[in-house]
file data36.tsv (TSV, C-alpha atoms and all ligand atoms)
chain	number	residue	atom	x	y	z
A	13	MET	CA	51.66	77.09	-39.18
A	14	ALA	CA	48.38	78.29	-37.87
A	15	ASP	CA	47.62	78.04	-34.22
A	16	LYS	CA	45.91	74.68	-33.39
A	17	ASP	CA	43.29	76.28	-31.24
A	18	LYS	CA	42.24	78.65	-33.95
A	19	MET	CA	41.88	76.03	-36.73
A	20	SER	CA	38.44	75.43	-38.08
A	21	ILE	CA	37.03	72.03	-38.94
A	22	GLN	CA	37.79	72.56	-42.62
A	23	ASP	CA	41.39	73.28	-41.78
A	24	ILE	CA	41.61	70.14	-39.75
A	25	LEU	CA	40.00	67.99	-42.42
A	26	ALA	CA	42.11	69.54	-45.16
A	27	ALA	CA	45.14	68.93	-43.06
A	28	CYS	CA	44.03	65.31	-42.67
A	29	ARG	CA	43.70	64.92	-46.41
A	30	GLY	CA	47.12	66.54	-46.92
A	31	ASP	CA	46.16	69.33	-49.26
A	32	GLY	CA	46.77	73.01	-48.79
A	33	GLY	CA	43.20	73.98	-48.65
A	34	GLY	CA	43.34	73.72	-44.94
A	35	THR	CA	45.65	76.63	-44.50
A	36	PRO	CA	44.50	79.39	-42.35
A	37	ASP	CA	44.65	81.74	-45.27
A	38	ALA	CA	42.43	79.66	-47.38
A	39	THR	CA	40.13	79.22	-44.54
A	40	LYS	CA	40.00	82.84	-44.04
A	41	ALA	CA	39.33	83.34	-47.74
A	42	ASN	CA	36.55	80.85	-47.55
A	43	ASP	CA	35.23	82.54	-44.55
A	44	GLU	CA	35.22	85.78	-46.36
A	45	SER	CA	33.47	84.48	-49.45
A	46	SER	CA	29.76	85.02	-49.74
A	47	GLY	CA	26.99	82.45	-49.46
A	48	ALA	CA	26.36	82.62	-53.25
A	49	GLU	CA	29.85	81.56	-54.00
A	50	ALA	CA	29.48	78.70	-51.63
A	51	ALA	CA	26.81	77.15	-53.88
A	52	LYS	CA	29.16	77.11	-56.87
A	53	PRO	CA	31.46	74.16	-57.43
A	54	ALA	CA	35.00	74.77	-56.45
A	55	ALA	CA	38.02	74.48	-58.68
A	56	THR	CA	39.02	71.18	-57.13
A	57	PRO	CA	36.51	68.45	-56.18
A	58	ALA	CA	38.20	68.16	-52.87
A	59	LYS	CA	37.21	71.62	-52.00
A	60	PRO	CA	33.57	72.20	-52.79
A	61	ALA	CA	32.19	75.66	-52.60
A	62	GLY	CA	30.10	74.59	-49.65
A	63	GLN	CA	33.21	74.55	-47.54
A	64	ALA	CA	33.03	78.32	-47.70
A	65	LYS	CA	30.37	78.09	-45.00
A	66	PRO	CA	31.44	79.22	-41.66
A	67	ALA	CA	32.39	76.40	-39.36
A	68	GLY	CA	29.59	77.13	-37.02
A	69	GLN	CA	26.99	76.88	-39.82
A	70	MET	CA	28.14	73.57	-41.39
A	71	SER	CA	26.15	70.48	-40.81
A	72	VAL	CA	27.66	67.14	-40.07
A	73	GLU	CA	27.06	65.94	-43.63
A	74	ASP	CA	28.91	68.94	-44.91
A	75	ILE	CA	31.81	68.24	-42.65
A	76	LEU	CA	31.94	64.58	-43.50
A	77	ALA	CA	31.52	65.20	-47.20
A	78	ALA	CA	34.34	67.62	-47.00
A	79	ALA	CA	36.35	64.95	-45.25
A	80	ARG	CA	35.59	62.44	-47.98
A	81	GLY	CA	36.34	65.05	-50.61
A	82	ASP	CA	33.13	64.77	-52.58
A	83	ALA	CA	30.75	67.51	-53.57
A	84	SER	CA	27.75	66.11	-51.84
A	85	ALA	CA	28.28	68.61	-49.13
A	86	SER	CA	26.99	71.42	-51.27
A	87	PRO	CA	23.50	72.56	-50.66
A	88	ASP	CA	22.42	71.37	-54.10
A	89	ALA	CA	24.07	68.07	-53.71
A	90	GLY	CA	22.54	67.85	-50.31
A	91	GLN	CA	19.15	68.36	-51.86
A	92	GLU	CA	19.83	65.67	-54.46
A	93	ALA	CA	20.99	63.36	-51.79
A	94	SER	CA	17.88	64.09	-49.86
A	95	THR	CA	15.84	62.88	-52.80
A	96	SER	CA	17.73	59.59	-53.15
A	97	LYS	CA	18.57	59.02	-49.53
A	98	PRO	CA	16.40	59.38	-46.52
A	99	ALA	CA	17.16	62.51	-44.74
A	100	ALA	CA	19.49	61.90	-41.92
A	101	PRO	CA	19.01	64.07	-38.97
A	102	SER	CA	21.46	66.90	-39.13
A	103	LYS	CA	23.42	67.15	-35.98
A	104	LYS	CA	25.96	69.53	-34.91
A	105	PRO	CA	29.42	68.20	-34.29
A	106	GLY	CA	28.91	68.63	-30.64
A	107	GLU	CA	25.75	66.53	-30.67
A	108	MET	CA	27.10	63.56	-32.68
A	109	SER	CA	28.36	60.50	-31.03
A	110	VAL	CA	31.55	58.77	-31.98
A	111	SER	CA	29.68	55.99	-33.77
A	112	ASP	CA	27.77	58.51	-35.79
A	113	ILE	CA	30.90	60.26	-36.85
A	114	LEU	CA	32.63	56.99	-37.72
A	115	ALA	CA	29.66	55.70	-39.67
A	116	ALA	CA	29.44	58.95	-41.55
A	117	ALA	CA	33.15	58.83	-42.24
A	118	ARG	CA	32.78	55.32	-43.71
A	119	GLY	CA	30.19	56.74	-46.03
A	120	ASP	CA	27.44	54.27	-45.21
A	121	GLY	CA	25.58	56.58	-42.95
A	122	GLY	CA	24.38	53.49	-41.03
A	123	GLY	CA	24.90	52.31	-37.53
A	124	ALA	CA	22.67	51.27	-34.83
A	125	ALA	CA	22.17	54.84	-33.80
A	126	LYS	CA	20.72	55.87	-37.18
A	127	PRO	CA	17.86	53.67	-38.24
A	128	ALA	CA	16.74	56.20	-40.84
A	129	ALA	CA	20.14	56.15	-42.51
A	130	SER	CA	20.15	52.31	-42.56
A	131	ALA	CA	16.80	52.41	-44.25
A	132	LYS	CA	18.30	54.78	-46.81
A	133	LYS	CA	21.02	52.20	-47.47
A	134	ALA	CA	18.62	49.28	-47.81
A	135	ALA	CA	15.96	50.93	-49.92
A	136	PRO	CA	17.56	52.54	-53.02
A	137	LYS	CA	20.53	50.27	-53.58
A	138	PRO	CA	18.92	46.90	-54.47
A	139	ALA	CA	17.73	48.12	-57.88
A	140	ALA	CA	20.97	49.80	-58.79
A	141	ALA	CA	23.19	46.84	-57.98
A	142	ALA	CA	21.23	43.77	-58.88
A	143	GLY	CA	24.26	41.51	-59.00
A	144	ASP	CA	25.72	42.87	-55.90
A	145	LYS	CA	26.04	40.89	-52.73
A	146	ALA	CA	23.71	43.30	-51.06
A	147	ALA	CA	20.89	42.33	-53.41
A	148	PRO	CA	19.78	39.17	-51.57
A	149	LYS	CA	19.89	40.99	-48.32
A	150	ALA	CA	17.54	43.61	-49.75
A	151	SER	CA	14.89	40.92	-50.27
A	152	THR	CA	14.71	40.26	-46.56
A	153	PRO	CA	12.23	42.39	-44.75
A	154	ALA	CA	13.81	45.33	-43.07
A	155	ARG	CA	13.62	45.18	-39.35
A	156	THR	CA	12.30	48.26	-37.75
A	157	GLY	CA	12.63	47.19	-34.14
A	158	PRO	CA	15.73	46.29	-32.19
A	159	MET	CA	17.31	42.94	-33.10
A	160	ASP	CA	17.83	40.26	-30.50
A	161	THR	CA	21.21	38.80	-29.75
A	162	SER	CA	20.57	35.49	-31.53
A	163	SER	CA	19.59	37.26	-34.72
A	164	ILE	CA	22.64	39.47	-34.57
A	165	LEU	CA	24.88	36.45	-34.00
A	166	ALA	CA	23.14	34.51	-36.76
A	167	ALA	CA	23.68	37.38	-39.13
A	168	ALA	CA	27.30	37.56	-38.07
A	169	ARG	CA	27.76	33.86	-38.72
A	170	GLY	CA	26.22	34.21	-42.17
A	171	GLY	CA	22.98	32.30	-41.69
A	172	ALA	CA	24.24	29.57	-39.43
A	173	LYS	CA	21.78	28.09	-37.03
A	174	PRO	CA	21.53	30.27	-33.94
A	175	GLY	CA	21.50	29.03	-30.46
A	176	PRO	CA	22.92	25.83	-29.00
A	177	ILE	CA	23.44	22.80	-31.21
A	178	SER	CA	22.94	19.14	-30.45
A	179	ARG	CA	25.70	16.64	-29.74
A	180	ALA	CA	25.21	15.01	-33.14
A	181	GLU	CA	25.41	18.34	-34.92
A	182	ALA	CA	28.54	19.24	-33.01
A	183	ALA	CA	30.08	15.89	-33.94
A	184	ALA	CA	29.13	16.44	-37.58
A	185	GLN	CA	30.69	19.86	-37.51
A	186	GLY	CA	33.80	18.54	-35.84
A	187	LYS	CA	33.31	20.60	-32.77
A	188	PRO	CA	34.31	19.24	-29.40
A	189	THR	CA	31.41	17.90	-27.41
A	190	ALA	CA	30.91	17.82	-23.70
A	191	PRO	CA	31.86	14.54	-22.06
A	192	LYS	CA	29.01	12.12	-21.53
A	193	LEU	CA	27.53	12.29	-18.08
A	194	THR	CA	27.91	9.19	-16.00
A	195	ALA	CA	26.00	8.33	-12.85
A	196	PRO	CA	28.07	8.59	-9.71
A	197	PRO	CA	28.62	5.37	-7.78
A	198	MET	CA	26.17	4.46	-5.05
A	199	PRO	CA	27.27	5.32	-1.54
A	200	GLN	CA	28.30	2.56	0.79
A	201	LYS	CA	25.66	1.10	3.11
A	202	PRO	CA	26.04	2.14	6.73
A	203	ALA	CA	27.13	-0.44	9.20
A	204	TYR	CA	23.75	-0.70	10.89
A	205	ALA	CA	22.09	-1.51	7.55
A	206	SER	CA	24.34	-4.43	6.86
A	207	PRO	CA	22.62	-7.83	7.16
A	208	LYS	CA	25.59	-9.13	9.10
A	209	ALA	CA	25.05	-6.56	11.80
A	210	LYS	CA	23.39	-8.17	14.78
A	211	PRO	CA	21.07	-6.26	17.12
A	212	SER	CA	22.32	-5.50	20.54
A	213	LYS	CA	21.54	-7.63	23.57
A	214	ALA	CA	19.14	-5.05	24.98
A	215	ALA	CA	17.31	-4.74	21.67
A	216	GLU	CA	17.02	-8.50	21.42
A	217	THR	CA	15.68	-8.73	24.95
A	218	ARG	CA	13.21	-5.93	24.41
A	219	ARG	CA	12.09	-7.38	21.09
A	220	GLY	CA	11.78	-10.84	22.59
A	221	PHE	CA	9.72	-9.50	25.48
A	222	PHE	CA	7.30	-7.68	23.20
A	223	SER	CA	7.06	-10.61	20.83
A	224	VAL	CA	6.33	-13.02	23.65
A	225	PHE	CA	3.98	-10.59	25.42
A	226	LEU	CA	1.97	-9.72	22.36
A	227	GLY	CA	2.42	-13.12	20.80
A	228	SER	CA	1.15	-14.90	23.87
A	229	PHE	CA	-1.87	-12.64	24.14
A	230	LEU	CA	-2.63	-13.13	20.50
A	231	ALA	CA	-2.05	-16.85	20.76
A	232	VAL	CA	-4.36	-17.12	23.77
A	233	GLY	CA	-7.00	-15.02	22.10
A	234	PHE	CA	-6.93	-16.93	18.85
A	235	THR	CA	-6.85	-20.27	20.64
A	236	THR	CA	-9.86	-19.33	22.75
A	237	LEU	CA	-11.71	-18.12	19.73
A	238	SER	CA	-10.93	-21.32	17.84
A	239	LEU	CA	-12.08	-23.50	20.73
A	240	THR	CA	-15.27	-21.50	21.13
A	241	ASN	CA	-16.03	-21.85	17.47
A	242	LEU	CA	-15.34	-25.58	17.65
A	243	LEU	CA	-17.73	-25.98	20.59
A	244	TRP	CA	-20.39	-24.04	18.80
A	245	VAL	CA	-20.01	-26.28	15.76
A	246	LEU	CA	-20.16	-29.43	17.85
A	247	GLY	CA	-23.20	-28.17	19.75
A	248	LEU	CA	-24.92	-27.36	16.51
A	249	ALA	CA	-24.10	-30.78	15.12
A	250	ARG	CA	-25.60	-32.42	18.25
A	251	PHE	CA	-29.05	-31.20	17.26
A	252	PHE	CA	-28.87	-33.29	14.11
A	253	PHE	CA	-29.05	-36.48	16.22
A	254	PRO	CA	-32.14	-37.55	18.28
A	255	ASN	CA	-32.02	-38.06	22.04
A	256	ILE	CA	-31.94	-41.83	22.39
A	257	LEU	CA	-31.44	-43.59	25.71
A	258	ILE	CA	-29.62	-46.76	24.98
A	259	GLU	CA	-30.62	-49.33	27.63
A	260	PRO	CA	-30.23	-53.04	27.81
A	261	PRO	CA	-33.23	-54.92	26.59
A	262	SER	CA	-35.91	-55.47	29.24
A	263	ARG	CA	-36.26	-59.12	28.33
A	264	PHE	CA	-33.24	-61.36	28.42
A	265	LYS	CA	-32.18	-64.94	29.09
A	266	VAL	CA	-30.01	-65.94	32.04
A	267	GLY	CA	-29.54	-69.68	31.46
A	268	PHE	CA	-31.10	-73.00	32.28
A	269	PRO	CA	-32.84	-73.70	35.68
A	270	SER	CA	-30.30	-76.35	36.53
A	271	ASP	CA	-27.61	-73.64	36.59
A	272	PHE	CA	-29.11	-72.23	39.79
A	273	PRO	CA	-28.81	-74.65	42.72
A	274	PRO	CA	-30.84	-74.21	45.94
A	275	GLY	CA	-29.55	-71.49	48.28
A	276	ALA	CA	-27.36	-69.95	45.58
A	277	VAL	CA	-27.53	-66.31	44.46
A	278	ALA	CA	-26.35	-65.46	40.95
A	279	THR	CA	-24.80	-61.97	41.12
A	280	LYS	CA	-23.30	-61.94	37.61
A	281	PHE	CA	-26.38	-60.19	36.17
A	282	LYS	CA	-26.37	-57.39	38.77
A	283	ALA	CA	-24.10	-54.97	36.96
A	284	GLN	CA	-25.55	-55.48	33.48
A	285	PHE	CA	-29.25	-56.08	34.17
A	286	GLY	CA	-29.75	-55.16	37.85
A	287	VAL	CA	-31.07	-58.60	38.73
A	288	TRP	CA	-30.27	-61.30	41.27
A	289	VAL	CA	-31.38	-64.82	40.34
A	290	THR	CA	-31.95	-66.93	43.44
A	291	ASN	CA	-33.22	-70.37	44.23
A	292	VAL	CA	-35.39	-69.88	47.32
A	293	GLU	CA	-38.16	-71.53	49.24
A	294	TRP	CA	-41.35	-69.45	49.46
A	295	ASP	CA	-44.64	-70.68	50.89
A	296	GLY	CA	-43.20	-74.25	51.15
A	297	GLN	CA	-42.25	-74.27	47.47
A	298	ARG	CA	-38.79	-74.19	45.84
A	299	GLN	CA	-38.81	-71.37	43.30
A	300	LEU	CA	-36.44	-69.60	40.95
A	301	VAL	CA	-37.04	-65.88	41.30
A	302	ALA	CA	-35.50	-62.67	39.88
A	303	LEU	CA	-35.01	-59.98	42.58
A	304	LYS	CA	-34.68	-56.30	41.75
A	305	THR	CA	-31.36	-54.82	43.02
A	306	VAL	CA	-32.92	-51.63	44.37
A	307	CYS	CA	-33.30	-50.88	48.06
A	308	THR	CA	-36.88	-50.16	49.00
A	309	HIS	CA	-35.79	-47.43	51.39
A	310	LEU	CA	-34.29	-44.72	49.14
A	311	GLY	CA	-33.20	-46.63	46.10
A	312	CYS	CA	-29.61	-47.59	46.83
A	313	THR	CA	-28.11	-50.82	45.54
A	314	PRO	CA	-27.54	-53.39	48.27
A	315	ASN	CA	-24.75	-55.98	48.20
A	316	TRP	CA	-25.04	-59.78	48.64
A	317	LEU	CA	-23.02	-60.92	51.60
A	318	GLU	CA	-22.34	-64.61	51.04
A	319	ALA	CA	-20.98	-65.16	54.55
A	320	GLU	CA	-24.00	-63.59	56.22
A	321	GLN	CA	-26.44	-64.90	53.65
A	322	LYS	CA	-28.16	-61.53	53.32
A	323	PHE	CA	-28.49	-58.44	51.14
A	324	LYS	CA	-27.07	-55.41	52.92
A	325	CYS	CA	-27.74	-51.86	51.81
A	326	PRO	CA	-24.65	-49.63	52.24
A	327	CYS	CA	-26.63	-46.43	52.50
A	328	HIS	CA	-28.62	-46.82	55.68
A	329	GLY	CA	-27.97	-50.38	56.70
A	330	SER	CA	-31.14	-52.04	55.60
A	331	GLY	CA	-30.89	-55.82	55.45
A	332	PHE	CA	-32.81	-58.33	53.35
A	333	TYR	CA	-32.96	-62.14	53.43
A	334	ILE	CA	-32.11	-64.35	50.48
A	335	ASP	CA	-35.80	-64.40	49.45
A	336	GLY	CA	-35.87	-60.52	49.55
A	337	VAL	CA	-37.82	-59.91	52.70
A	338	ASN	CA	-36.52	-56.99	54.72
A	339	PHE	CA	-35.52	-57.62	58.29
A	340	GLU	CA	-33.35	-54.67	59.43
A	341	GLY	CA	-32.81	-51.06	58.77
A	342	PRO	CA	-35.17	-48.41	57.46
A	343	ALA	CA	-36.34	-50.38	54.43
A	344	PRO	CA	-40.18	-50.45	54.75
A	345	ARG	CA	-40.91	-53.47	52.54
A	346	PRO	CA	-39.32	-56.46	50.79
A	347	LEU	CA	-37.41	-56.28	47.49
A	348	GLU	CA	-39.47	-56.44	44.32
A	349	ARG	CA	-39.51	-59.30	41.82
A	350	TYR	CA	-39.32	-59.33	38.01
A	351	ALA	CA	-41.36	-61.57	35.80
A	352	ILE	CA	-39.59	-64.82	34.97
A	353	ARG	CA	-40.45	-67.78	32.82
A	354	VAL	CA	-38.96	-70.74	30.99
A	355	ALA	CA	-38.45	-69.84	27.38
A	356	ASP	CA	-39.02	-72.14	24.41
A	357	ASP	CA	-35.38	-73.17	24.44
A	358	GLY	CA	-35.62	-74.20	28.14
A	359	GLN	CA	-33.71	-71.21	29.44
A	360	LEU	CA	-34.94	-68.82	32.02
A	361	GLU	CA	-36.16	-65.57	30.52
A	362	ILE	CA	-36.55	-62.45	32.67
A	363	ASP	CA	-38.83	-59.61	31.78
A	364	LYS	CA	-37.99	-56.39	33.62
A	365	SER	CA	-41.04	-54.59	32.36
A	366	LYS	CA	-43.14	-56.32	34.98
A	367	THR	CA	-42.55	-56.07	38.73
A	368	PHE	CA	-44.25	-57.78	41.61
A	369	GLN	CA	-44.49	-56.53	45.21
A	370	GLN	CA	-44.91	-58.79	48.21
A	371	GLU	CA	-46.94	-56.31	50.32
A	372	LEU	CA	-49.47	-56.21	47.54
A	373	GLY	CA	-49.79	-59.97	47.44
A	374	GLN	CA	-48.31	-60.14	43.98
A	375	TRP	CA	-45.66	-62.72	44.79
A	376	SER	CA	-48.35	-65.40	44.54
A	377	ASP	CA	-48.56	-64.68	40.83
A	378	THR	CA	-47.05	-67.54	38.83
A	379	ALA	CA	-45.46	-65.02	36.49
A	380	CYS	CA	-42.99	-64.01	39.17
A	381	TYR	CA	-41.44	-67.41	39.82
A	382	VAL	CA	-40.50	-70.72	38.18
A	383	PRO	CA	-41.21	-73.72	40.31
A	384	VAL	CA	-38.32	-76.13	40.58
A	401	LIG	FE1	-31.10	-48.75	51.53
A	401	LIG	FE2	-31.59	-46.53	52.85
A	401	LIG	S1	-31.45	-46.86	50.81
A	401	LIG	S2	-31.22	-48.47	53.56

call {"tool": "encode", "arguments": {"input": "data36.tsv", "output": "structure tokens"}}
result
Amino acid sequence: MADKDKMSIQDILAACRGDGGGTPDATKANDESSGAEAAKPAATPAKPAGQAKPAGQMSVEDILAAARGDASASPDAGQEASTSKPAAPSKKPGEMSVSDILAAARGDGGGAAKPAASAKKAAPKPAAAAGDKAAPKASTPARTGPMDTSSILAAARGGAKPGPISRAEAAAQGKPTAPKLTAPPMPQKPAYASPKAKPSKAAETRRGFFSVFLGSFLAVGFTTLSLTNLLWVLGLARFFFPNILIEPPSRFKVGFPSDFPPGAVATKFKAQFGVWVTNVEWDGQRQLVALKTVCTHLGCTPNWLEAEQKFKCPCHGSGFYIDGVNFEGPAPRPLERYAIRVADDGQLEIDKSKTFQQELGQWSDTACYVPV
């Protein structure tokens, strides 16, 4: 048994295949053979002449071909392979990664680390194996760039739809679906938000104070405004009516002459018409006269004093007799008379539009008395 440290790659591979070509003697014989002999095919296909290369001069393809036991490791075969397959970069055993070595050992020469070798696999084989499973894959365009994860997973699933699937699709496929989301229950209302909660005594008092304070101010303001507007409306409406002084008629009837006996003073017309009707004796003649109830001093209204048989002014004390002549006080002249006459119906009719003054000598006018 040769020493393990001194075994070449051929010896190791031959030992792996279980033939005797891997003996140290054979290796030595191969090592001693010339380069021309290496190009010739060996007696057994498992030991091509190319294996006669020194271990340090063998490429990876040579080593792997020797491991597979085919003759493609020979330089000629290598040239043929180079015509049908894209040239894979020759690496030394020390430069190859584990994936490279494994891919080469599987004979596909592919792997993610060798895009050129994968192209070699995709390009020449579709024509040769038309009915093969690889044929449809050859129709797909070869990707030159790196594949994304979804594409890799889709390819692994054999064309299934990549990415997440809907709930209906999951149900159709019999896959378990996520439980339906339900809204969480609403939180409970706090105690202060409950309609049954009553405000505190202080809050009620404060609220009542502000409501009364502001409410009273607002009430007063709005009430004043409303009253002002009402007065303005009433004042405006007043201008739609003329200024009319409603006075009793100046001419009126007081009754028949027999209703006024001598020495009597009728005061019932004083308030309504401002007239006293008296039956007096003037210039030796009994007359019915109508005296004006206005004091000749400053215009006050005297009163008839039945007991004293005189007109007495309450303002300054002027006194007048029953016939109207002044006799005391500041009054400068006698009372005035109105026009009086007997109407068509026999009643006495007084006309206040006409006055007669004694100092002017007008009492002698027959229009100011009715003889009895
Ligand atoms: Fe009658 Fe002066 S007004 S006395």

call {"tool": "atom_distance", "arguments": {"input": "data36.tsv", "atom1": "atom CA of Gly341 of chain A", "atom2": "atom CA of Lys322 of chain A"}}
result
12.7 Å

call {"tool": "closest_atom_pairs", "arguments": {"input": "data36.tsv", "of": "chain A", "to": "ligand LIG 401 (chain A)", "cutoff": "8 Å", "atoms": "all atoms listed in the file", "output": "CSV"}}
result
residue,atom,partner,partner_atom,distance
A:Val306,CA,A:LIG401,FE1,7.9
A:Cys307,CA,A:LIG401,FE1,4.6
A:Thr308,CA,A:LIG401,FE1,6.5
A:His309,CA,A:LIG401,S1,4.4
A:Leu310,CA,A:LIG401,S1,3.9
A:Gly311,CA,A:LIG401,S1,5.0
A:Cys312,CA,A:LIG401,S1,4.4
A:Thr313,CA,A:LIG401,FE1,7.0
A:Pro314,CA,A:LIG401,FE1,6.7
A:Lys324,CA,A:LIG401,FE1,7.9
A:Cys325,CA,A:LIG401,FE1,4.6
A:Pro326,CA,A:LIG401,FE1,6.5
A:Cys327,CA,A:LIG401,FE2,5.0
A:His328,CA,A:LIG401,S2,3.7
A:Gly329,CA,A:LIG401,S2,4.9
A:Ser330,CA,A:LIG401,S2,4.1
A:Gly331,CA,A:LIG401,S2,7.6
A:Gly341,CA,A:LIG401,S2,6.0
A:Pro342,CA,A:LIG401,S2,5.6
A:Ala343,CA,A:LIG401,S2,5.5

call {"tool": "atom_distance", "arguments": {"input": "data36.tsv", "atom1": "atom CA of Gln321 of chain A", "atom2": "atom CA of Ala379 of chain A"}}
result
25.6 Å

call {"tool": "closest_residue", "arguments": {"input": "data36.tsv", "among": "A:Tyr204, A:Trp316, A:Tyr350, A:Phe222", "to": "Thr279 of chain A", "atoms": "all atoms listed in the file"}}
result
A:Trp316

call {"tool": "atom_distance", "arguments": {"input": "data36.tsv", "atom1": "atom CA of Glu361 of chain A", "atom2": "atom CA of Phe332 of chain A"}}
result
24.2 Å

call {"tool": "residues_around", "arguments": {"input": "data36.tsv", "residues": "Phe264 of chain A", "least_positions_apart": "5", "cutoff": "12 Å", "atoms": "all atoms listed in the file", "output": "mmCIF file with C-alpha atoms, in the coordinates of the input"}}
result
data_model
loop_
_atom_site.group_PDB
_atom_site.id
_atom_site.type_symbol
_atom_site.label_atom_id
_atom_site.label_comp_id
_atom_site.auth_asym_id
_atom_site.auth_seq_id
_atom_site.Cartn_x
_atom_site.Cartn_y
_atom_site.Cartn_z
ATOM 1 C CA PHE A 281 -26.380 -60.190 36.170
ATOM 2 C CA GLN A 284 -25.550 -55.480 33.480
ATOM 3 C CA PHE A 285 -29.250 -56.080 34.170
ATOM 4 C CA GLY A 286 -29.750 -55.160 37.850
ATOM 5 C CA VAL A 287 -31.070 -58.600 38.730
ATOM 6 C CA ALA A 302 -35.500 -62.670 39.880
ATOM 7 C CA TYR A 350 -39.320 -59.330 38.010
ATOM 8 C CA ALA A 351 -41.360 -61.570 35.800
ATOM 9 C CA ILE A 352 -39.590 -64.820 34.970
ATOM 10 C CA ARG A 353 -40.450 -67.780 32.820
ATOM 11 C CA VAL A 354 -38.960 -70.740 30.990
ATOM 12 C CA ALA A 355 -38.450 -69.840 27.380
ATOM 13 C CA GLN A 359 -33.710 -71.210 29.440
ATOM 14 C CA LEU A 360 -34.940 -68.820 32.020
ATOM 15 C CA GLU A 361 -36.160 -65.570 30.520
ATOM 16 C CA ILE A 362 -36.550 -62.450 32.670
ATOM 17 C CA ASP A 363 -38.830 -59.610 31.780
ATOM 18 C CA LYS A 364 -37.990 -56.390 33.620
ATOM 19 C CA SER A 365 -41.040 -54.590 32.360
#

call {"tool": "decode", "arguments": {"input": "data36.tsv", "residues": "segment 243-291 of chain A", "atoms": "C-alpha atoms", "output": "CSV table (one decimal), in the first residue's frame"}}
result
chain,number,residue,atom,x,y,z
A,243,LEU,CA,-90.5,102.1,19.8
A,244,TRP,CA,-88.9,103.0,16.6
A,245,VAL,CA,-91.6,101.1,14.7
A,246,LEU,CA,-94.4,102.8,16.7
A,247,GLY,CA,-92.8,106.2,16.2
A,248,LEU,CA,-92.6,105.6,12.5
A,249,ALA,CA,-96.2,104.5,12.4
A,250,ARG,CA,-97.2,107.7,14.2
A,251,PHE,CA,-96.2,109.8,11.2
A,252,PHE,CA,-98.8,108.0,9.1
A,253,PHE,CA,-101.6,109.7,11.1
A,254,PRO,CA,-102.3,113.5,11.0
A,255,ASN,CA,-102.1,115.7,14.1
A,256,ILE,CA,-105.7,116.3,15.0
A,257,LEU,CA,-106.9,118.0,18.1
A,258,ILE,CA,-110.1,116.5,19.1
A,259,GLU,CA,-112.2,119.1,20.9
A,260,PRO,CA,-115.8,119.3,21.8
A,261,PRO,CA,-117.9,121.2,19.3
A,262,SER,CA,-117.9,125.0,19.9
A,263,ARG,CA,-121.7,125.1,19.5
A,264,PHE,CA,-123.9,123.0,21.7
A,265,LYS,CA,-127.3,123.0,23.3
A,266,VAL,CA,-127.7,123.1,27.1
A,267,GLY,CA,-131.5,122.8,27.5
A,268,PHE,CA,-134.6,124.9,27.6
A,269,PRO,CA,-134.7,128.4,29.4
A,270,SER,CA,-137.2,127.1,31.9
A,271,ASP,CA,-134.5,124.7,33.2
A,272,PHE,CA,-132.5,127.6,34.6
A,273,PRO,CA,-134.4,129.4,37.5
A,274,PRO,CA,-133.4,132.9,38.7
A,275,GLY,CA,-130.3,132.9,40.9
A,276,ALA,CA,-129.3,129.4,39.9
A,277,VAL,CA,-125.9,128.5,38.4
A,278,ALA,CA,-125.7,125.4,36.3
A,279,THR,CA,-122.2,123.9,36.8
A,280,LYS,CA,-122.8,120.6,35.0
A,281,PHE,CA,-121.3,122.0,31.7
A,282,LYS,CA,-118.1,123.2,33.4
A,283,ALA,CA,-116.1,120.1,33.0
A,284,GLN,CA,-117.2,119.2,29.4
A,285,PHE,CA,-117.6,122.7,27.8
A,286,GLY,CA,-116.1,125.1,30.3
A,287,VAL,CA,-119.3,127.1,30.7
A,288,TRP,CA,-121.5,128.2,33.6
A,289,VAL,CA,-125.1,129.0,32.7
A,290,THR,CA,-126.7,131.5,35.0
A,291,ASN,CA,-129.9,133.4,35.4
